[in-house]
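A.B. asks: Sending over a structure as structure tokens; questions will come in a sec.
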Amino acid sequence: MDFTHWGGANRGAPIFVTLCAEDAMESELGMNSMYEHAPQFKALIVFIEHRYYGKSVPFGSAEEGFRNTSTLGYFNSAQALADYAELILHIKQNLSAESSPVIVFGGSYGGMLAAWFRLKYPHVALGALASSAPILDFQDISPRSGYLTIVSKDFRDVSESCHDTIRQSWSLIDELASKPNGLLLLSKKFNACEPLTDTNSLKSYLEDMYSDVAQYEWLPDPRHSVKGICDAIDSESTQSTDVLDRVYAGVVAHMGQKKCYHINPPTDSTQSQSQKYDGWGWQCCTELLFPMGPEINATMFELEPGYTIEDDVENCREQFGVTPRPHWTVTEYGGLNIKLVLEKFASNIIFSNGLRDPFSYGGVLENISDSVVSLTTAKGSHCLDLGHSTSKDPSWLTQQRKAEFKIIKGWIADYNKRMLELKLTTASSASAVQISLSSLARLSVMALICFILARLIV
């Protein structure tokens with residue numbers, strides 16, 4: 001918790017809570033916008049870590065927490081939301097801040113949690129800022145090809161030739177691999193640290209690279225941009241007619257010049273702690289089964305002929321021994337006909353999205369009501385509005401951040417106004433009760449005097 005700017009419980013200063021969907025320290029680094037605006041509200045800043053991430057792993061250690069489906073059975077979003085509610089109420093009680101309004105913040109999955117928290121616990125949180133929150137990214141709501149369609153559009157908008165080069169590359173990877181010693185030739189062409197055992201690892205490596213750079217566009221390093229990759233691919237086209245040479249140039253531009261590139265997925269011996277204990281994989285297999293893949297021939301990615309949802313189900317059974325429930329999250333939190341449903345009972349939620357973010361296809365992109373609003377930017381990327389401001393920020397990004405906190409300021413002002421009215425009404429009622437009691441007491445005394453006089457006369 002950061003008390004630096006807090007105005008104190010006696011003044012009803014707000015509490016800004018980030019619902020972390022990862023290590024709390026990592027979340028803190030990405031929430032600079034909240035830090036920058038907190039002083040004007042004199043707000044207390046709180047970061048709450050999601051169970052099973054960072055240091056918040058039950059059963060004593062990650063090894064025990066991730067041991068089997070029994071210990072992992074406590075790992076889901078509903079349990080995390082309940083944790084947040086319990087901790088927020090505990091903090092308010094300990095600080096004697098019961099009247100302080102709470103605004104919850106989150107980005108990506110954390111943004112989904114923020115929106116869901118406001119819907120599930122409206123008595124705990126006054127409002128929510130849900131940045132890049134794909135709450136509609138579920139089966140029967142959003143198309144499976146939505147994410148990769150936006151990735152492809154991002155590349156096409158920068159360079160049509162770059163987009164087309166990438167699109168041609170998938171079949172050429174297979175063609176080279178099918179030749180004698182083809183995988184060895186492919187390994188050398190892409191300077192792989194370990195020899196490739198199949199083409200899928202290379203295709204996944206490239207697909208992840210293109211997706212990540214489209215999703216997190218606008219990083220200070222120009223290498224980590226769609227333009228950085230496309231400039232390298234297009235530049236190489238003047239030196240080589242080989243499509244795969246051009247694609248490799250994009251890898252070097254993005255990853256930097258290295259001795260070799262780790263293209264194969266990590267083995268048990270080379271896995272990091274987060275890879276070994278794959279919390280996000282567990283959640284995606286049990287409740288967050290996002291439909292994602294090139295189901296139509298309108299992206300720059302290779303089609304997956306014959307794919308069905310059962311393919312993902314089988315993968316989850318193999319990895320975790322569980323059968324996914326594709327429709328459970330929509331049952332738990334809603335999503336179908338969201339405008340019709342939420343416009344009547346939901347309030348005080350901001351859905352912010354950058355339309356260059358591939359996850360925006362599963363976001364709320366239009367206002368649902370006067371207080372459940374959508375803020376979109378045509379050039380924005382994933383959770384960009386939550387980052388720290390710089391002198392290089394475009395005006396549209398600055399305006400988006402200002403708009404978000406202007407809305408939040410309105411929520412808090414309205415809350416404080418209603419709290420004041422409630423106090424005045426309560427005080428007025430208490431005064432009226434005192435007056436009534438005083439009047440009753442006087443009447444009782446008069447009645448007693450009359451009774452005594454009557455007795456004397458008799």
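By convention here, the chains of the structure tokens are called A, B, ... in the order presented, each chain's residues are numbered starting at 1, and ligands are numbered starting at 1 in the order presented.
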Sorted by chain and rising residue number, which residues of segment 297-414 of chain A lie within 10 Å of segment 71-86 of chain A, and what are their closest atom pairs and distances in Å to one decimal, counting only C-alpha atoms, as a Markdown table?
C.D. replies:
| residue | atom | partner | partner_atom | distance |
| --- | --- | --- | --- | --- |
| A:Phe320 | CA | A:Leu72 | CA | 9.8 |
| A:Thr329 | CA | A:Ser77 | CA | 9.2 |
| A:Glu332 | CA | A:Ala78 | CA | 8.5 |
| A:Tyr333 | CA | A:Ala78 | CA | 9.4 |
A.B. asks: Those residues you just picked out, can you put them in a file as a PDB file, in the first residue's frame with all heavy atoms?
C.D. replies:
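out-v7.pdb, written as the output of this step:
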ATOM      1  N   PHE A 320      -3.213 -31.015 -18.051  1.00  0.00           N
ATOM      2  CA  PHE A 320      -3.615 -30.838 -16.660  1.00  0.00           C
ATOM      3  C   PHE A 320      -4.547 -31.922 -16.127  1.00  0.00           C
ATOM      4  O   PHE A 320      -4.835 -31.950 -14.927  1.00  0.00           O
ATOM      5  CB  PHE A 320      -4.311 -29.478 -16.486  1.00  0.00           C
ATOM      6  CG  PHE A 320      -3.421 -28.298 -16.692  1.00  0.00           C
ATOM      7  CD1 PHE A 320      -3.532 -27.528 -17.842  1.00  0.00           C
ATOM      8  CD2 PHE A 320      -2.471 -27.949 -15.746  1.00  0.00           C
ATOM      9  CE1 PHE A 320      -2.718 -26.422 -18.043  1.00  0.00           C
ATOM     10  CE2 PHE A 320      -1.654 -26.840 -15.936  1.00  0.00           C
ATOM     11  CZ  PHE A 320      -1.770 -26.078 -17.087  1.00  0.00           C
ATOM     12  N   THR A 329     -17.565 -19.423 -17.977  1.00  0.00           N
ATOM     13  CA  THR A 329     -17.297 -18.025 -17.639  1.00  0.00           C
ATOM     14  C   THR A 329     -18.463 -17.125 -18.031  1.00  0.00           C
ATOM     15  O   THR A 329     -18.825 -16.200 -17.303  1.00  0.00           O
ATOM     16  CB  THR A 329     -16.001 -17.551 -18.320  1.00  0.00           C
ATOM     17  OG1 THR A 329     -14.926 -18.404 -17.920  1.00  0.00           O
ATOM     18  CG2 THR A 329     -15.674 -16.127 -17.926  1.00  0.00           C
ATOM     19  N   GLU A 332     -21.115 -17.620 -15.502  1.00  0.00           N
ATOM     20  CA  GLU A 332     -20.774 -17.005 -14.216  1.00  0.00           C
ATOM     21  C   GLU A 332     -20.881 -15.485 -14.248  1.00  0.00           C
ATOM     22  O   GLU A 332     -21.392 -14.865 -13.316  1.00  0.00           O
ATOM     23  CB  GLU A 332     -19.344 -17.411 -13.824  1.00  0.00           C
ATOM     24  CG  GLU A 332     -18.810 -16.765 -12.558  1.00  0.00           C
ATOM     25  CD  GLU A 332     -19.420 -17.321 -11.283  1.00  0.00           C
ATOM     26  OE1 GLU A 332     -20.172 -18.313 -11.363  1.00  0.00           O
ATOM     27  OE2 GLU A 332     -19.143 -16.765 -10.202  1.00  0.00           O
ATOM     28  N   TYR A 333     -20.400 -14.861 -15.328  1.00  0.00           N
ATOM     29  CA  TYR A 333     -20.301 -13.402 -15.358  1.00  0.00           C
ATOM     30  C   TYR A 333     -21.163 -12.721 -16.424  1.00  0.00           C
ATOM     31  O   TYR A 333     -21.305 -11.503 -16.415  1.00  0.00           O
ATOM     32  CB  TYR A 333     -18.841 -12.990 -15.595  1.00  0.00           C
ATOM     33  CG  TYR A 333     -17.887 -13.531 -14.568  1.00  0.00           C
ATOM     34  CD1 TYR A 333     -16.925 -14.487 -14.906  1.00  0.00           C
ATOM     35  CD2 TYR A 333     -17.931 -13.103 -13.239  1.00  0.00           C
ATOM     36  CE1 TYR A 333     -16.038 -14.983 -13.969  1.00  0.00           C
ATOM     37  CE2 TYR A 333     -17.050 -13.608 -12.294  1.00  0.00           C
ATOM     38  CZ  TYR A 333     -16.107 -14.549 -12.669  1.00  0.00           C
ATOM     39  OH  TYR A 333     -15.234 -15.044 -11.730  1.00  0.00           O
TER      40      TYR A 333
END
A.B. asks: Within 9 Å of Lys153 of chain A, counting only C-alpha atoms, which residues qualify if same-chain residues fewer than 5 places away don't, as a PDB file with C-alpha atoms, in the first residue's frame?
C.D. replies:
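What landed in part-v8.pdb:
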ATOM      1  CA  LEU A 148      -5.359 -12.827 -35.631  1.00  0.00           C
ATOM      2  CA  VAL A 158       2.089  -0.690 -42.042  1.00  0.00           C
ATOM      3  CA  HIS A 163       1.979  -8.733 -44.731  1.00  0.00           C
ATOM      4  CA  THR A 299      -5.420 -13.334 -42.141  1.00  0.00           C
ATOM      5  CA  MET A 300      -1.697 -13.582 -42.819  1.00  0.00           C
ATOM      6  CA  ARG A 356      -4.721  -1.862 -32.705  1.00  0.00           C
TER       7      ARG A 356
END
A.B. asks: Extract the full set of strand (DSSP E) residues from segment 73-211 of chain A according to DSSP on the backbone, and format it as a list in words.
C.D. replies: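 After running DSSP on the backbone, segment 73-211 of chain A has strand (DSSP E) at Val102, Ile103, Val104, Phe105, Gly106, Gly107, Gly127, Ala128, Leu129, Ala130 and Ser131 of chain A.
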A.B. asks: Step one, run DSSP on the backbone; step two, keep only residues of segment 88-179 of chain A assigned to helix (DSSP H, G or I); then write them as an MDAnalysis selection string.
C.D. replies: chainID A and resid 88:94 109:120 146:158 160:177
A.B. asks: Next, the residues of the selection above should be written as a PDB file, in the first residue's frame with C-alpha atoms.
C.D. replies:
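Below is the file again33.pdb, written as the result:
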ATOM      1  CA  ILE A  88     -10.506  -4.541   0.663  1.00  0.00           C
ATOM      2  CA  LEU A  89     -13.042  -4.711   3.489  1.00  0.00           C
ATOM      3  CA  HIS A  90     -10.259  -5.734   5.897  1.00  0.00           C
ATOM      4  CA  ILE A  91      -8.120  -2.759   4.848  1.00  0.00           C
ATOM      5  CA  LYS A  92     -11.025  -0.313   5.188  1.00  0.00           C
ATOM      6  CA  GLN A  93     -11.877  -1.633   8.641  1.00  0.00           C
ATOM      7  CA  ASN A  94      -8.286  -1.516   9.884  1.00  0.00           C
ATOM      8  CA  TYR A 109      -7.203 -10.286 -17.522  1.00  0.00           C
ATOM      9  CA  GLY A 110      -6.926  -7.858 -14.615  1.00  0.00           C
ATOM     10  CA  GLY A 111      -9.305  -5.582 -16.510  1.00  0.00           C
ATOM     11  CA  MET A 112     -11.756  -8.448 -16.834  1.00  0.00           C
ATOM     12  CA  LEU A 113     -11.481  -8.972 -13.085  1.00  0.00           C
ATOM     13  CA  ALA A 114     -12.087  -5.259 -12.442  1.00  0.00           C
ATOM     14  CA  ALA A 115     -15.289  -5.252 -14.513  1.00  0.00           C
ATOM     15  CA  TRP A 116     -16.497  -8.508 -12.977  1.00  0.00           C
ATOM     16  CA  PHE A 117     -15.668  -7.248  -9.477  1.00  0.00           C
ATOM     17  CA  ARG A 118     -17.848  -4.178  -9.935  1.00  0.00           C
ATOM     18  CA  LEU A 119     -20.686  -6.416 -11.155  1.00  0.00           C
ATOM     19  CA  LYS A 120     -20.285  -9.004  -8.383  1.00  0.00           C
ATOM     20  CA  GLY A 146     -10.854 -12.148 -34.344  1.00  0.00           C
ATOM     21  CA  TYR A 147      -7.469 -11.822 -32.626  1.00  0.00           C
ATOM     22  CA  LEU A 148      -5.359 -12.827 -35.631  1.00  0.00           C
ATOM     23  CA  THR A 149      -7.507 -10.727 -37.971  1.00  0.00           C
ATOM     24  CA  ILE A 150      -6.482  -7.596 -36.063  1.00  0.00           C
ATOM     25  CA  VAL A 151      -2.821  -8.705 -35.929  1.00  0.00           C
ATOM     26  CA  SER A 152      -2.941  -9.095 -39.710  1.00  0.00           C
ATOM     27  CA  LYS A 153      -4.599  -5.705 -40.152  1.00  0.00           C
ATOM     28  CA  ASP A 154      -1.897  -4.069 -38.023  1.00  0.00           C
ATOM     29  CA  PHE A 155       0.776  -5.488 -40.330  1.00  0.00           C
ATOM     30  CA  ARG A 156      -1.133  -4.700 -43.522  1.00  0.00           C
ATOM     31  CA  ASP A 157      -1.673  -1.098 -42.401  1.00  0.00           C
ATOM     32  CA  VAL A 158       2.089  -0.690 -42.042  1.00  0.00           C
ATOM     33  CA  GLU A 160       1.170  -4.617 -47.662  1.00  0.00           C
ATOM     34  CA  SER A 161       4.328  -6.309 -48.946  1.00  0.00           C
ATOM     35  CA  CYS A 162       5.420  -7.247 -45.419  1.00  0.00           C
ATOM     36  CA  HIS A 163       1.979  -8.733 -44.731  1.00  0.00           C
ATOM     37  CA  ASP A 164       2.114 -10.737 -47.973  1.00  0.00           C
ATOM     38  CA  THR A 165       5.642 -11.986 -47.290  1.00  0.00           C
ATOM     39  CA  ILE A 166       4.598 -13.361 -43.922  1.00  0.00           C
ATOM     40  CA  ARG A 167       1.515 -14.942 -45.446  1.00  0.00           C
ATOM     41  CA  GLN A 168       3.611 -16.735 -48.092  1.00  0.00           C
ATOM     42  CA  SER A 169       6.162 -17.986 -45.565  1.00  0.00           C
ATOM     43  CA  TRP A 170       4.131 -20.749 -43.893  1.00  0.00           C
ATOM     44  CA  SER A 171       3.932 -23.021 -46.934  1.00  0.00           C
ATOM     45  CA  LEU A 172       7.582 -22.313 -47.778  1.00  0.00           C
ATOM     46  CA  ILE A 173       8.608 -23.446 -44.289  1.00  0.00           C
ATOM     47  CA  ASP A 174       6.865 -26.768 -44.948  1.00  0.00           C
ATOM     48  CA  GLU A 175       8.362 -26.983 -48.422  1.00  0.00           C
ATOM     49  CA  LEU A 176      11.928 -26.568 -47.152  1.00  0.00           C
ATOM     50  CA  ALA A 177      11.362 -28.951 -44.242  1.00  0.00           C
TER      51      ALA A 177
END
A.B. asks: To one decimal place in Å, what is the distance between atom CA of Ser132 of chain A and atom CA of Ser108 of chain A?
C.D. replies: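 Spanning atom CA of Ser132 of chain A to atom CA of Ser108 of chain A is a straight-line distance of 5.0 Å.
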A.B. asks: May I ask which of the residues A:Glu194, A:Asp137, A:Asp245, A:Glu236 is the closest one to Met292 of chain A, counting only C-alpha atoms?
C.D. replies: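 Smallest distance to Met292 of chain A is found for A:Asp137.
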A.B. asks: Please determine, counting only C-alpha atoms, which residue among A:Gln40, A:Thr18, A:Thr323, A:Ser142 has the shortest atom-to-atom distance to Lys406 of chain A.
C.D. replies: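 The answer is A:Gln40, which sits nearest to Lys406 of chain A.
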A.B. asks: I'd like to know which of A:Ser159, A:Gln283, A:Asn264, A:Ser347 is closest to Asp231 of chain A, using only C-alpha atoms.
C.D. replies: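 With only C-alpha atoms as the atom set, the closest residue is A:Ser159.
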A.B. asks: Between A:Glu64, A:Asp385, A:Glu404, A:Asp414, which is the closest to Gly107 of chain A once you count only C-alpha atoms?
C.D. replies: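 Answer, going by the shortest atom-to-atom distance: A:Asp385.
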A.B. asks: Can you work out which one of A:Ser145, A:Ser352, A:Ser369, A:Gln257 has the shortest atom-to-atom distance to Phe301 of chain A, counting only C-alpha atoms?
C.D. replies: A:Ser145
A.B. asks: Using only C-alpha atoms, which residues sit within 12 Å of segment 249-251 of chain A once same-chain residues fewer than 6 positions away are excluded, as a ChimeraX atom specification?
C.D. replies: /A:162-163,165-166,189-192,202,205-210,213,223-240,242-243,257-258,260-263
A.B. asks: Just give me the gap between atom CA of Ile103 of chain A and atom CA of Ile15 of chain A in Å, one decimal is fine.
C.D. replies: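 Interatomic distance here is 6.4 Å.
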A.B. asks: By how many Å are atom CA of Tyr52 of chain A and atom CA of Asn68 of chain A apart?
C.D. replies: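 Those two atoms sit 13.3 Å apart.
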A.B. asks: Could you pull the residues within 6 Å of Phe351 of chain A, counting only C-alpha atoms, minus those fewer than 4 positions along the same chain, as a list in words?
C.D. replies: Ala130, Ser131 and Ser374 of chain A
A.B. asks: Can I get the selected residues back with N, CA, C and O atoms, as a PDB file, in the first residue's frame?
C.D. replies:
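selection_19.pdb written:
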ATOM      1  N   ALA A 130     -11.574  -0.814 -16.547  1.00  0.00           N
ATOM      2  CA  ALA A 130     -11.192  -2.091 -17.153  1.00  0.00           C
ATOM      3  C   ALA A 130     -10.508  -1.807 -18.483  1.00  0.00           C
ATOM      4  O   ALA A 130     -11.170  -1.530 -19.486  1.00  0.00           O
ATOM      5  N   SER A 131      -9.179  -1.874 -18.485  1.00  0.00           N
ATOM      6  CA  SER A 131      -8.410  -1.569 -19.689  1.00  0.00           C
ATOM      7  C   SER A 131      -8.123  -2.846 -20.476  1.00  0.00           C
ATOM      8  O   SER A 131      -7.695  -3.855 -19.906  1.00  0.00           O
ATOM      9  N   SER A 374     -17.581   3.186 -22.950  1.00  0.00           N
ATOM     10  CA  SER A 374     -16.446   2.684 -23.719  1.00  0.00           C
ATOM     11  C   SER A 374     -15.605   3.861 -24.205  1.00  0.00           C
ATOM     12  O   SER A 374     -16.132   4.821 -24.763  1.00  0.00           O
TER      13      SER A 374
END
A.B. asks: If we count only C-alpha atoms, what is near Cys284 of chain A at a cut-off of 9 Å, once residues fewer than 5 positions away on the same chain are taken out, given as a list in words?
C.D. replies: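 Listed by chain and then number, they are Gly279, Leu289, Phe290, Cys316 and Pro324 of chain A.
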A.B. asks: Name the residues in contact with Ile407 of chain A at a cut-off of 9 Å, using only C-alpha atoms, excluding same-chain residues fewer than 3 positions from it; report them as a PDB file with N, CA and C atoms, in the first residue's frame.
C.D. replies:
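That gives us result.pdb:
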ATOM      1  N   ASN A 348     -21.056   2.532 -13.459  1.00  0.00           N
ATOM      2  CA  ASN A 348     -19.703   2.946 -13.079  1.00  0.00           C
ATOM      3  C   ASN A 348     -18.613   1.967 -13.521  1.00  0.00           C
ATOM      4  N   ILE A 350     -15.696   1.729 -16.754  1.00  0.00           N
ATOM      5  CA  ILE A 350     -15.073   2.249 -17.963  1.00  0.00           C
ATOM      6  C   ILE A 350     -14.376   1.095 -18.667  1.00  0.00           C
ATOM      7  N   SER A 371     -23.365   5.433 -17.580  1.00  0.00           N
ATOM      8  CA  SER A 371     -22.259   5.212 -16.632  1.00  0.00           C
ATOM      9  C   SER A 371     -21.453   3.945 -16.916  1.00  0.00           C
ATOM     10  N   LYS A 402      -6.917  11.407 -19.541  1.00  0.00           N
ATOM     11  CA  LYS A 402      -7.653  12.472 -18.863  1.00  0.00           C
ATOM     12  C   LYS A 402      -9.145  12.158 -18.797  1.00  0.00           C
ATOM     13  N   ALA A 403      -9.689  11.610 -19.881  1.00  0.00           N
ATOM     14  CA  ALA A 403     -11.114  11.275 -19.916  1.00  0.00           C
ATOM     15  C   ALA A 403     -11.456  10.223 -18.872  1.00  0.00           C
ATOM     16  N   GLU A 404     -10.579   9.232 -18.717  1.00  0.00           N
ATOM     17  CA  GLU A 404     -10.828   8.170 -17.736  1.00  0.00           C
ATOM     18  C   GLU A 404     -10.932   8.742 -16.329  1.00  0.00           C
ATOM     19  N   GLY A 410     -15.971  12.215 -11.385  1.00  0.00           N
ATOM     20  CA  GLY A 410     -17.417  12.407 -11.299  1.00  0.00           C
ATOM     21  C   GLY A 410     -18.075  11.369 -10.401  1.00  0.00           C
ATOM     22  N   TRP A 411     -17.630  10.111 -10.496  1.00  0.00           N
ATOM     23  CA  TRP A 411     -18.173   9.065  -9.625  1.00  0.00           C
ATOM     24  C   TRP A 411     -17.955   9.423  -8.154  1.00  0.00           C
ATOM     25  N   ILE A 412     -16.729   9.822  -7.841  1.00  0.00           N
ATOM     26  CA  ILE A 412     -16.378  10.104  -6.454  1.00  0.00           C
ATOM     27  C   ILE A 412     -17.132  11.330  -5.941  1.00  0.00           C
TER      28      ILE A 412
END
